[in-house]
file work-v8.cif (mmCIF, C-alpha atoms)
data_coords
loop_
_atom_site.group_PDB
_atom_site.id
_atom_site.type_symbol
_atom_site.label_atom_id
_atom_site.label_comp_id
_atom_site.auth_asym_id
_atom_site.auth_seq_id
_atom_site.Cartn_x
_atom_site.Cartn_y
_atom_site.Cartn_z
ATOM 1 C CA MET A 24 -2.519 -40.864 8.748
ATOM 2 C CA ILE A 25 -0.627 -38.568 6.384
ATOM 3 C CA PRO A 26 -1.454 -34.859 6.766
ATOM 4 C CA LEU A 27 -3.455 -33.294 3.942
ATOM 5 C CA ASN A 28 -0.808 -30.583 3.568
ATOM 6 C CA TRP A 29 1.728 -33.096 2.251
ATOM 7 C CA TYR A 30 -0.535 -33.965 -0.645
ATOM 8 C CA LEU A 31 -1.221 -30.289 -1.337
ATOM 9 C CA MET A 32 2.506 -29.530 -1.348
ATOM 10 C CA LEU A 33 3.094 -32.400 -3.766
ATOM 11 C CA GLY A 34 0.373 -31.036 -6.062
ATOM 12 C CA ALA A 35 1.820 -27.515 -5.879
ATOM 13 C CA THR A 36 5.321 -28.776 -6.689
ATOM 14 C CA VAL A 37 4.207 -30.798 -9.711
ATOM 15 C CA PHE A 38 2.131 -27.823 -10.898
ATOM 16 C CA ALA A 39 5.137 -25.496 -10.623
ATOM 17 C CA VAL A 40 7.273 -27.953 -12.604
ATOM 18 C CA GLY A 41 4.536 -28.012 -15.253
ATOM 19 C CA VAL A 42 4.466 -24.210 -15.401
ATOM 20 C CA PHE A 43 8.251 -24.147 -15.775
ATOM 21 C CA GLY A 44 8.101 -26.661 -18.635
ATOM 22 C CA PHE A 45 5.299 -24.797 -20.385
ATOM 23 C CA LEU A 46 7.114 -21.464 -20.225
ATOM 24 C CA THR A 47 10.581 -22.670 -21.194
ATOM 25 C CA ARG A 48 10.448 -25.529 -23.681
ATOM 26 C CA ARG A 49 10.794 -24.764 -27.395
ATOM 27 C CA ASN A 50 9.191 -27.990 -28.558
ATOM 28 C CA ILE A 51 5.416 -27.589 -28.799
ATOM 29 C CA ILE A 52 4.730 -31.258 -27.948
ATOM 30 C CA VAL A 53 6.680 -31.058 -24.692
ATOM 31 C CA MET A 54 4.781 -27.843 -23.887
ATOM 32 C CA PHE A 55 1.617 -29.838 -24.352
ATOM 33 C CA MET A 56 2.900 -32.557 -22.042
ATOM 34 C CA SER A 57 3.553 -29.864 -19.423
ATOM 35 C CA ILE A 58 -0.148 -28.943 -19.604
ATOM 36 C CA GLU A 59 -1.016 -32.588 -18.901
ATOM 37 C CA LEU A 60 1.406 -32.441 -15.971
ATOM 38 C CA MET A 61 -0.424 -29.432 -14.535
ATOM 39 C CA LEU A 62 -3.795 -31.167 -14.954
ATOM 40 C CA ASN A 63 -2.401 -34.187 -13.099
ATOM 41 C CA ALA A 64 -1.209 -31.956 -10.257
ATOM 42 C CA VAL A 65 -4.727 -30.539 -9.929
ATOM 43 C CA ASN A 66 -6.154 -34.078 -9.977
ATOM 44 C CA ILE A 67 -3.868 -35.125 -7.106
ATOM 45 C CA THR A 68 -5.061 -32.126 -5.110
ATOM 46 C CA LEU A 69 -8.736 -32.812 -5.859
ATOM 47 C CA VAL A 70 -8.563 -36.499 -4.927
ATOM 48 C CA SER A 71 -6.752 -35.737 -1.678
ATOM 49 C CA PHE A 72 -9.334 -33.074 -0.759
ATOM 50 C CA SER A 73 -12.094 -35.544 -1.599
ATOM 51 C CA HIS A 74 -10.483 -38.174 0.630
ATOM 52 C CA TYR A 75 -9.851 -35.907 3.598
ATOM 53 C CA LEU A 76 -13.173 -34.010 3.464
ATOM 54 C CA GLN A 77 -15.069 -37.314 2.882
ATOM 55 C CA ASP A 78 -16.940 -35.914 -0.088
ATOM 56 C CA MET A 79 -17.257 -37.560 -3.504
ATOM 57 C CA ARG A 80 -17.644 -34.347 -5.479
ATOM 58 C CA GLY A 81 -13.893 -33.825 -5.788
ATOM 59 C CA GLN A 82 -13.559 -37.152 -7.549
ATOM 60 C CA ILE A 83 -16.472 -36.319 -9.858
ATOM 61 C CA LEU A 84 -14.525 -33.194 -10.806
ATOM 62 C CA VAL A 85 -11.433 -35.362 -11.489
ATOM 63 C CA PHE A 86 -13.620 -37.444 -13.809
ATOM 64 C CA PHE A 87 -14.528 -34.340 -15.816
ATOM 65 C CA VAL A 88 -10.952 -33.049 -15.791
ATOM 66 C CA ILE A 89 -9.811 -36.345 -17.345
ATOM 67 C CA THR A 90 -12.584 -36.057 -19.972
ATOM 68 C CA VAL A 91 -11.529 -32.525 -20.880
ATOM 69 C CA ALA A 92 -7.853 -33.589 -20.921
ATOM 70 C CA ALA A 93 -8.649 -36.333 -23.436
ATOM 71 C CA ALA A 94 -10.598 -33.907 -25.658
ATOM 72 C CA GLU A 95 -7.835 -31.324 -25.332
ATOM 73 C CA ALA A 96 -5.140 -33.839 -26.290
ATOM 74 C CA ALA A 97 -7.068 -34.905 -29.407
ATOM 75 C CA ILE A 98 -7.723 -31.323 -30.568
ATOM 76 C CA GLY A 99 -4.271 -30.018 -29.653
ATOM 77 C CA LEU A 100 -2.426 -32.813 -31.400
ATOM 78 C CA ALA A 101 -4.608 -32.315 -34.487
ATOM 79 C CA ILE A 102 -3.588 -28.641 -34.447
ATOM 80 C CA ILE A 103 0.076 -29.685 -34.157
ATOM 81 C CA ILE A 104 -0.323 -32.010 -37.180
ATOM 82 C CA ALA A 105 -1.886 -29.163 -39.183
ATOM 83 C CA LEU A 106 1.024 -26.947 -38.104
ATOM 84 C CA PHE A 107 3.621 -29.488 -39.273
ATOM 85 C CA ARG A 108 1.937 -29.682 -42.634
ATOM 86 C CA ASN A 109 2.390 -25.938 -43.165
ATOM 87 C CA LYS A 110 5.613 -25.125 -41.290
ATOM 88 C CA THR A 111 7.565 -28.410 -40.757
ATOM 89 C CA THR A 112 8.858 -27.177 -37.409
ATOM 90 C CA ALA A 113 7.930 -27.965 -33.817
ATOM 91 C CA HIS A 114 9.678 -25.008 -32.220
ATOM 92 C CA VAL A 115 7.425 -22.281 -30.916
ATOM 93 C CA ASP A 116 10.057 -19.541 -31.247
ATOM 94 C CA GLU A 117 10.227 -20.132 -34.994
ATOM 95 C CA MET A 118 6.508 -19.486 -35.449
ATOM 96 C CA ASN A 119 6.048 -15.731 -35.680
ATOM 97 C CA GLU A 120 3.643 -15.278 -38.580
ATOM 98 C CA MET A 121 1.085 -13.539 -36.386
ATOM 99 C CA LYS A 122 3.523 -10.864 -35.266
ATOM 100 C CA GLY A 123 1.917 -7.522 -36.045
ATOM 101 C CA MET B 19 5.375 -45.188 9.753
ATOM 102 C CA LEU B 20 4.859 -47.498 6.776
ATOM 103 C CA ASN B 21 2.311 -45.047 5.329
ATOM 104 C CA GLU B 22 4.783 -42.176 5.530
ATOM 105 C CA LEU B 23 7.431 -44.342 3.894
ATOM 106 C CA PHE B 24 5.125 -45.229 0.990
ATOM 107 C CA PHE B 25 3.998 -41.634 0.560
ATOM 108 C CA GLY B 26 7.599 -40.407 0.689
ATOM 109 C CA TYR B 27 8.614 -42.822 -2.048
ATOM 110 C CA PHE B 28 5.684 -41.899 -4.321
ATOM 111 C CA ALA B 29 6.019 -38.150 -3.728
ATOM 112 C CA THR B 30 9.758 -38.060 -4.465
ATOM 113 C CA ALA B 31 9.295 -40.320 -7.485
ATOM 114 C CA ILE B 32 6.497 -38.110 -8.869
ATOM 115 C CA VAL B 33 8.508 -34.904 -8.405
ATOM 116 C CA ILE B 34 11.694 -36.362 -9.912
ATOM 117 C CA LEU B 35 9.790 -37.895 -12.835
ATOM 118 C CA SER B 36 7.964 -34.649 -13.587
ATOM 119 C CA ILE B 37 11.304 -32.770 -13.633
ATOM 120 C CA LEU B 38 12.670 -35.432 -15.995
ATOM 121 C CA VAL B 39 9.623 -35.007 -18.264
ATOM 122 C CA VAL B 40 10.170 -31.282 -18.750
ATOM 123 C CA THR B 41 13.971 -31.375 -19.053
ATOM 124 C CA ARG B 42 14.773 -34.323 -21.370
ATOM 125 C CA ARG B 43 16.123 -33.355 -24.763
ATOM 126 C CA ASN B 44 14.515 -36.228 -26.664
ATOM 127 C CA PRO B 45 10.675 -36.009 -26.668
ATOM 128 C CA VAL B 46 10.339 -39.810 -26.835
ATOM 129 C CA HIS B 47 12.212 -40.044 -23.526
ATOM 130 C CA SER B 48 9.848 -37.410 -22.095
ATOM 131 C CA VAL B 49 6.840 -39.511 -23.114
ATOM 132 C CA MET B 50 8.349 -42.617 -21.514
ATOM 133 C CA TRP B 51 9.079 -40.821 -18.231
ATOM 134 C CA MET B 52 5.535 -39.483 -18.330
ATOM 135 C CA LEU B 53 4.192 -43.037 -18.638
ATOM 136 C CA LEU B 54 6.065 -43.972 -15.451
ATOM 137 C CA LEU B 55 4.784 -40.769 -13.811
ATOM 138 C CA PHE B 56 1.159 -41.634 -14.595
ATOM 139 C CA PHE B 57 1.546 -45.084 -13.035
ATOM 140 C CA HIS B 58 2.956 -43.494 -9.875
ATOM 141 C CA VAL B 59 0.053 -41.018 -9.751
ATOM 142 C CA ALA B 60 -2.386 -43.945 -10.147
ATOM 143 C CA SER B 61 -0.720 -45.670 -7.189
ATOM 144 C CA LEU B 62 -1.138 -42.483 -5.166
ATOM 145 C CA TYR B 63 -4.873 -42.559 -5.991
ATOM 146 C CA LEU B 64 -5.058 -46.159 -4.736
ATOM 147 C CA PHE B 65 -3.392 -44.896 -1.581
ATOM 148 C CA LEU B 66 -6.263 -42.373 -1.232
ATOM 149 C CA ASP B 67 -8.978 -45.069 -1.605
ATOM 150 C CA ALA B 68 -9.963 -43.992 -5.121
ATOM 151 C CA GLU B 69 -9.707 -47.242 -7.082
ATOM 152 C CA PHE B 70 -11.925 -46.197 -9.964
ATOM 153 C CA ILE B 71 -9.992 -42.969 -10.528
ATOM 154 C CA ALA B 72 -6.738 -44.968 -10.479
ATOM 155 C CA ALA B 73 -8.094 -47.326 -13.151
ATOM 156 C CA ILE B 74 -9.291 -44.378 -15.270
ATOM 157 C CA GLN B 75 -5.886 -42.748 -14.867
ATOM 158 C CA VAL B 76 -4.119 -45.821 -16.251
ATOM 159 C CA ILE B 77 -6.649 -46.452 -19.034
ATOM 160 C CA VAL B 78 -7.227 -42.915 -20.296
ATOM 161 C CA TYR B 79 -3.950 -41.129 -19.519
ATOM 162 C CA ALA B 80 -1.399 -43.909 -19.865
ATOM 163 C CA GLY B 81 -3.372 -45.892 -22.449
ATOM 164 C CA ALA B 82 -4.975 -43.317 -24.719
ATOM 165 C CA ILE B 83 -3.439 -39.847 -24.326
ATOM 166 C CA LEU B 84 0.193 -40.981 -24.199
ATOM 167 C CA VAL B 85 -0.251 -43.155 -27.287
ATOM 168 C CA LEU B 86 -1.578 -40.081 -29.121
ATOM 169 C CA PHE B 87 1.482 -38.125 -27.954
ATOM 170 C CA LEU B 88 3.799 -40.893 -29.130
ATOM 171 C CA PHE B 89 2.175 -40.893 -32.572
ATOM 172 C CA VAL B 90 2.723 -37.162 -32.953
ATOM 173 C CA VAL B 91 6.289 -37.260 -31.555
ATOM 174 C CA LEU B 92 7.168 -39.765 -34.263
ATOM 175 C CA LEU B 93 6.293 -37.113 -36.866
ATOM 176 C CA LEU B 94 9.181 -34.995 -35.587
ATOM 177 C CA ASN B 95 12.642 -35.040 -37.054
ATOM 178 C CA LEU B 96 14.285 -36.451 -33.923
ATOM 179 C CA ARG B 97 17.840 -36.403 -35.259
ATOM 180 C CA GLU B 98 17.578 -32.665 -35.773
ATOM 181 C CA GLU B 99 15.633 -32.216 -32.543
ATOM 182 C CA ILE B 100 18.353 -33.603 -30.261
ATOM 183 C CA GLN B 101 20.946 -31.250 -31.791
ATOM 184 C CA THR B 102 19.182 -27.954 -31.046
ATOM 185 C CA SER B 103 18.719 -26.249 -27.684
ATOM 186 C CA ARG B 104 15.787 -27.317 -25.521
ATOM 187 C CA PHE B 105 14.838 -24.087 -23.767
ATOM 188 C CA VAL B 106 13.906 -20.640 -24.997
ATOM 189 C CA ALA B 107 16.504 -17.931 -24.441
ATOM 190 C CA SER B 108 14.682 -16.342 -21.496
ATOM 191 C CA TRP B 109 14.392 -19.498 -19.387
ATOM 192 C CA PRO B 110 15.784 -17.981 -16.136
ATOM 193 C CA ALA B 111 12.808 -15.594 -16.002
ATOM 194 C CA ALA B 112 10.421 -18.542 -16.378
ATOM 195 C CA LEU B 113 12.283 -20.413 -13.640
ATOM 196 C CA ALA B 114 11.848 -17.398 -11.364
ATOM 197 C CA ILE B 115 8.112 -17.267 -12.173
ATOM 198 C CA ALA B 116 7.656 -20.982 -11.429
ATOM 199 C CA ALA B 117 9.635 -20.709 -8.172
ATOM 200 C CA ALA B 118 7.585 -17.692 -7.090
ATOM 201 C CA LEU B 119 4.376 -19.601 -7.867
ATOM 202 C CA LEU B 120 5.552 -22.593 -5.822
ATOM 203 C CA PHE B 121 6.598 -20.371 -2.912
ATOM 204 C CA SER B 122 3.334 -18.432 -2.837
ATOM 205 C CA THR B 123 1.191 -21.599 -3.071
ATOM 206 C CA ILE B 124 3.065 -23.373 -0.285
ATOM 207 C CA SER B 125 3.064 -20.328 1.972
ATOM 208 C CA ALA B 126 -0.691 -19.992 1.393
ATOM 209 C CA LEU B 127 -1.202 -23.568 2.668
ATOM 210 C CA LYS B 128 -0.455 -22.502 6.249
ATOM 211 C CA SER B 129 -3.692 -20.529 6.483
ATOM 212 C CA PHE B 130 -5.823 -23.323 5.022
ATOM 213 C CA VAL B 131 -8.763 -24.411 7.188
ATOM 214 C CA PRO B 132 -10.699 -27.502 6.028
ATOM 215 C CA GLY B 133 -14.459 -27.207 5.707
ATOM 216 C CA PRO B 134 -17.087 -29.543 7.204
ATOM 217 C CA SER B 135 -16.853 -33.218 6.294
ATOM 218 C CA GLY B 136 -19.278 -34.851 3.872
ATOM 219 C CA ASP B 137 -21.211 -38.122 4.079
ATOM 220 C CA TYR B 138 -18.769 -40.410 2.308
ATOM 221 C CA SER B 139 -16.354 -41.609 4.951
ATOM 222 C CA ILE B 140 -13.859 -44.389 4.182
ATOM 223 C CA GLU B 141 -16.099 -46.914 5.963
ATOM 224 C CA VAL B 142 -19.082 -46.059 3.726
ATOM 225 C CA ILE B 143 -16.915 -46.259 0.593
ATOM 226 C CA ARG B 144 -15.368 -49.583 1.660
ATOM 227 C CA GLU B 145 -18.785 -51.024 2.451
ATOM 228 C CA GLN B 146 -20.465 -49.983 -0.817
ATOM 229 C CA THR B 147 -17.329 -50.113 -3.045
ATOM 230 C CA HIS B 148 -15.853 -46.997 -4.597
ATOM 231 C CA THR B 149 -17.220 -47.445 -8.135
ATOM 232 C CA LYS B 150 -20.794 -47.792 -6.887
ATOM 233 C CA VAL B 151 -20.602 -44.685 -4.709
ATOM 234 C CA LEU B 152 -19.025 -42.660 -7.511
ATOM 235 C CA GLY B 153 -21.646 -43.852 -9.995
ATOM 236 C CA GLN B 154 -24.487 -43.001 -7.632
ATOM 237 C CA VAL B 155 -23.263 -39.430 -7.241
ATOM 238 C CA LEU B 156 -22.408 -39.060 -10.938
ATOM 239 C CA TYR B 157 -25.727 -40.311 -12.292
ATOM 240 C CA THR B 158 -27.965 -38.439 -9.857
ATOM 241 C CA ASP B 159 -26.519 -35.072 -8.814
ATOM 242 C CA PHE B 160 -24.186 -34.654 -11.781
ATOM 243 C CA ILE B 161 -26.238 -36.059 -14.646
ATOM 244 C CA PHE B 162 -26.328 -32.765 -16.560
ATOM 245 C CA PRO B 163 -22.542 -32.164 -16.458
ATOM 246 C CA PHE B 164 -22.163 -35.805 -17.507
ATOM 247 C CA GLU B 165 -24.239 -35.150 -20.636
ATOM 248 C CA VAL B 166 -22.244 -31.985 -21.345
ATOM 249 C CA ALA B 167 -19.037 -34.054 -21.093
ATOM 250 C CA SER B 168 -20.356 -36.328 -23.847
ATOM 251 C CA LEU B 169 -20.915 -33.230 -26.001
ATOM 252 C CA VAL B 170 -17.321 -32.089 -25.312
ATOM 253 C CA LEU B 171 -16.023 -35.460 -26.496
ATOM 254 C CA LEU B 172 -18.193 -35.296 -29.635
ATOM 255 C CA VAL B 173 -16.812 -31.852 -30.478
ATOM 256 C CA ALA B 174 -13.272 -33.192 -29.893
ATOM 257 C CA ILE B 175 -13.847 -36.120 -32.304
ATOM 258 C CA ILE B 176 -15.248 -33.928 -35.078
ATOM 259 C CA GLY B 177 -12.704 -31.158 -34.499
ATOM 260 C CA ALA B 178 -9.736 -33.551 -34.602
ATOM 261 C CA ILE B 179 -10.922 -35.027 -37.910
ATOM 262 C CA VAL B 180 -11.575 -31.616 -39.468
ATOM 263 C CA LEU B 181 -8.210 -30.205 -38.348
ATOM 264 C CA ALA B 182 -6.049 -33.198 -39.277
ATOM 265 C CA LYS B 183 -7.550 -34.211 -42.633
ATOM 266 C CA LYS B 184 -5.945 -33.120 -45.890
ATOM 267 C CA ARG B 185 -7.485 -30.204 -47.749
ATOM 268 C CA MET B 186 -9.772 -31.205 -50.635
ATOM 269 C CA ARG B 187 -8.581 -29.835 -53.944
ATOM 270 C CA SER B 188 -11.435 -27.932 -55.500
#
call {"tool": "encode", "arguments": {"input": "work-v8.cif", "output": "structure tokens"}}
result
Amino acid sequence: MIPLNWYLMLGATVFAVGVFGFLTRRNIIVMFMSIELMLNAVNITLVSFSHYLQDMRGQILVFFVITVAAAEAAIGLAIIIALFRNKTTAHVDEMNEMKG
Amino acid sequence: MLNELFFGYFATAIVILSILVVTRRNPVHSVMWMLLLFFHVASLYLFLDAEFIAAIQVIVYAGAILVLFLFVVLLLNLREEIQTSRFVASWPAALAIAAALLFSTISALKSFVPGPSGDYSIEVIREQTHTKVLGQVLYTDFIFPFEVASLVLLVAIIGAIVLAKKRMRS
């Protein structure tokens, strides 16, 4: 039997990698993929808690996280398409129209 | 022993693949590494006796979300993209933030005490099958959140169409 802590450490590591990618990448699509990475890290943690605490509610929560991730991907990518139409760039450091 | 070996392989593969996803210069390569990552995460779910979640992971994440990403990546000018720098200028600060987050999360794990166990032990799940157990909980205790999830998806459909369609000339 693998200790629960191993799974939690794996989730924390993947989450930290996702945070690093979100904060550093210039390309807005890769930033978006980092968000998916973080959601996956949380899903790993939730499923392992659900398995070790013998409770199904963690997996129900994973179900809703996946639903929200799908909705978020559709909306976010639509926003990126609208952005391309106006700016023709994918780099976040070149978008500074809202600077006061 | 075999369990630890399998977990070690999947954990190292997931960590290495996630680092590859955030560091590749070409976004198409990132999407491809992410596809491999999602399959490894699905295998980890199988390892945790969550077959239905593993199937959903492959169908929704690898099948639907990544295809959407690939469509949008193909809008990019990739030849120009692979010439420019990948990271923002202040990336060492972000690396420090991520490392501090990882350190604080892992050091917090030491004081973690698990709560009382629920009713769904592995024997119960194996006897009734995972999908049936999950469906029973979802359609009884969580029926209202389930309906709200359908509303979220409806908003996502309408919002995506409204945002991505061309402006009508009036």
call {"tool": "interface_residues", "arguments": {"input": "work-v8.cif", "of": "chain A", "to": "chain B", "cutoff": "7 Å", "atoms": "only C-alpha atoms", "output": "number ranges by chain"}}
result
A: 25, 32-33, 35-37, 39-40, 42-44, 46-49, 53, 57, 71, 74, 76-79, 83, 87, 90, 93-94, 96-98, 100-102, 104-105
call {"tool": "atom_distance", "arguments": {"input": "work-v8.cif", "atom1": "atom CA of Tyr157 of chain B", "atom2": "atom CA of Glu69 of chain B"}}
result
18.2 Å
call {"tool": "atom_distance", "arguments": {"input": "work-v8.cif", "atom1": "atom CA of Gly41 of chain A", "atom2": "atom CA of Ile58 of chain A"}}
result
6.5 Å
call {"tool": "closest_residue", "arguments": {"input": "work-v8.cif", "among": "A:Leu69, A:Arg80, A:Val88, A:Thr111", "to": "Thr158 of chain B", "atoms": "all atoms listed in the file"}}
result
A:Arg80
call {"tool": "closest_residue", "arguments": {"input": "work-v8.cif", "among": "B:Leu53, B:Thr147, B:Ala72, B:Leu23", "to": "Asn66 of chain A", "atoms": "only C-alpha atoms"}}
result
B:Ala72
call {"tool": "resolve_selection", "arguments": {"input": "work-v8.cif", "expression": "the PyMOL selection byres ((chain A and resi 62) around 10)", "output": "list in words"}}
result
Gly34, Val37, Phe38, Gly41, Met56, Ser57, Ile58, Glu59, Leu60, Met61, Asn63, Ala64, Val65, Asn66, Ile67, Thr68, Val85, Val88, Ile89, Val91 and Ala92 of chain A
call {"tool": "write_last_selection", "arguments": {"input": "work-v8.cif", "atoms": "C-alpha atoms", "output": "PDB file, in the frame of the given file"}}
result
ATOM      1  CA  GLY A  34       0.373 -31.036  -6.062  1.00  0.00           C
ATOM      2  CA  VAL A  37       4.207 -30.798  -9.711  1.00  0.00           C
ATOM      3  CA  PHE A  38       2.131 -27.823 -10.898  1.00  0.00           C
ATOM      4  CA  GLY A  41       4.536 -28.012 -15.253  1.00  0.00           C
ATOM      5  CA  MET A  56       2.900 -32.557 -22.042  1.00  0.00           C
ATOM      6  CA  SER A  57       3.553 -29.864 -19.423  1.00  0.00           C
ATOM      7  CA  ILE A  58      -0.148 -28.943 -19.604  1.00  0.00           C
ATOM      8  CA  GLU A  59      -1.016 -32.588 -18.901  1.00  0.00           C
ATOM      9  CA  LEU A  60       1.406 -32.441 -15.971  1.00  0.00           C
ATOM     10  CA  MET A  61      -0.424 -29.432 -14.535  1.00  0.00           C
ATOM     11  CA  ASN A  63      -2.401 -34.187 -13.099  1.00  0.00           C
ATOM     12  CA  ALA A  64      -1.209 -31.956 -10.257  1.00  0.00           C
ATOM     13  CA  VAL A  65      -4.727 -30.539  -9.929  1.00  0.00           C
ATOM     14  CA  ASN A  66      -6.154 -34.078  -9.977  1.00  0.00           C
ATOM     15  CA  ILE A  67      -3.868 -35.125  -7.106  1.00  0.00           C
ATOM     16  CA  THR A  68      -5.061 -32.126  -5.110  1.00  0.00           C
ATOM     17  CA  VAL A  85     -11.433 -35.362 -11.489  1.00  0.00           C
ATOM     18  CA  VAL A  88     -10.952 -33.049 -15.791  1.00  0.00           C
ATOM     19  CA  ILE A  89      -9.811 -36.345 -17.345  1.00  0.00           C
ATOM     20  CA  VAL A  91     -11.529 -32.525 -20.880  1.00  0.00           C
ATOM     21  CA  ALA A  92      -7.853 -33.589 -20.921  1.00  0.00           C
TER      22      ALA A  92
END
call {"tool": "closest_residue", "arguments": {"input": "work-v8.cif", "among": "A:Glu95, A:Asp116, A:Lys122, A:Ser73", "to": "Phe55 of chain A", "atoms": "all atoms listed in the file"}}
result
A:Glu95
call {"tool": "closest_residue", "arguments": {"input": "work-v8.cif", "among": "B:Leu20, B:Met50, B:Ile161, B:Ala73", "to": "Thr149 of chain B", "atoms": "only C-alpha atoms"}}
result
B:Ala73
call {"tool": "atom_distance", "arguments": {"input": "work-v8.cif", "atom1": "atom CA of Leu169 of chain B", "atom2": "atom CA of Phe86 of chain A"}}
result
14.8 Å
call {"tool": "axis_aligned_box", "arguments": {"input": "work-v8.cif", "around": "segment 50-63 of chain A", "padding_each_side": "3 Å", "output": "AutoDock Vina command-line options"}}
result
--center_x 2.7 --center_y -30.9 --center_z -20.9 --size_x 19.0 --size_y 12.6 --size_z 21.7
call {"tool": "residues_around", "arguments": {"input": "work-v8.cif", "residues": "Glu120 of chain A", "least_positions_apart": "6", "cutoff": "12 Å", "atoms": "all atoms listed in the file", "output": "list in words"}}
result
Leu106, Asn109 and Lys110 of chain A
call {"tool": "decode", "arguments": {"input": "work-v8.cif", "residues": "segment 63-82 of chain B", "atoms": "C-alpha atoms", "output": "PDB file, in the first residue's frame"}}
result
ATOM      1  CA  TYR B  63      -6.588   7.059 -11.507  1.00  0.00           C
ATOM      2  CA  LEU B  64      -6.907   3.396 -12.531  1.00  0.00           C
ATOM      3  CA  PHE B  65      -4.270   2.678  -9.915  1.00  0.00           C
ATOM      4  CA  LEU B  66      -6.553   4.372  -7.337  1.00  0.00           C
ATOM      5  CA  ASP B  67      -9.609   2.254  -8.318  1.00  0.00           C
ATOM      6  CA  ALA B  68     -11.379   5.119 -10.093  1.00  0.00           C
ATOM      7  CA  GLU B  69     -12.130   3.632 -13.513  1.00  0.00           C
ATOM      8  CA  PHE B  70     -14.899   6.037 -14.443  1.00  0.00           C
ATOM      9  CA  ILE B  71     -12.776   9.089 -13.637  1.00  0.00           C
ATOM     10  CA  ALA B  72      -9.945   7.610 -15.732  1.00  0.00           C
ATOM     11  CA  ALA B  73     -12.305   7.175 -18.695  1.00  0.00           C
ATOM     12  CA  ILE B  74     -13.629  10.736 -18.277  1.00  0.00           C
ATOM     13  CA  GLN B  75     -10.056  12.008 -18.089  1.00  0.00           C
ATOM     14  CA  VAL B  76      -9.187  10.411 -21.432  1.00  0.00           C
ATOM     15  CA  ILE B  77     -12.455  11.380 -23.141  1.00  0.00           C
ATOM     16  CA  VAL B  78     -12.871  14.954 -21.922  1.00  0.00           C
ATOM     17  CA  TYR B  79      -9.294  16.128 -21.322  1.00  0.00           C
ATOM     18  CA  ALA B  80      -7.348  14.208 -23.945  1.00  0.00           C
ATOM     19  CA  GLY B  81     -10.219  13.993 -26.439  1.00  0.00           C
ATOM     20  CA  ALA B  82     -12.022  17.318 -26.223  1.00  0.00           C
TER      21      ALA B  82
END
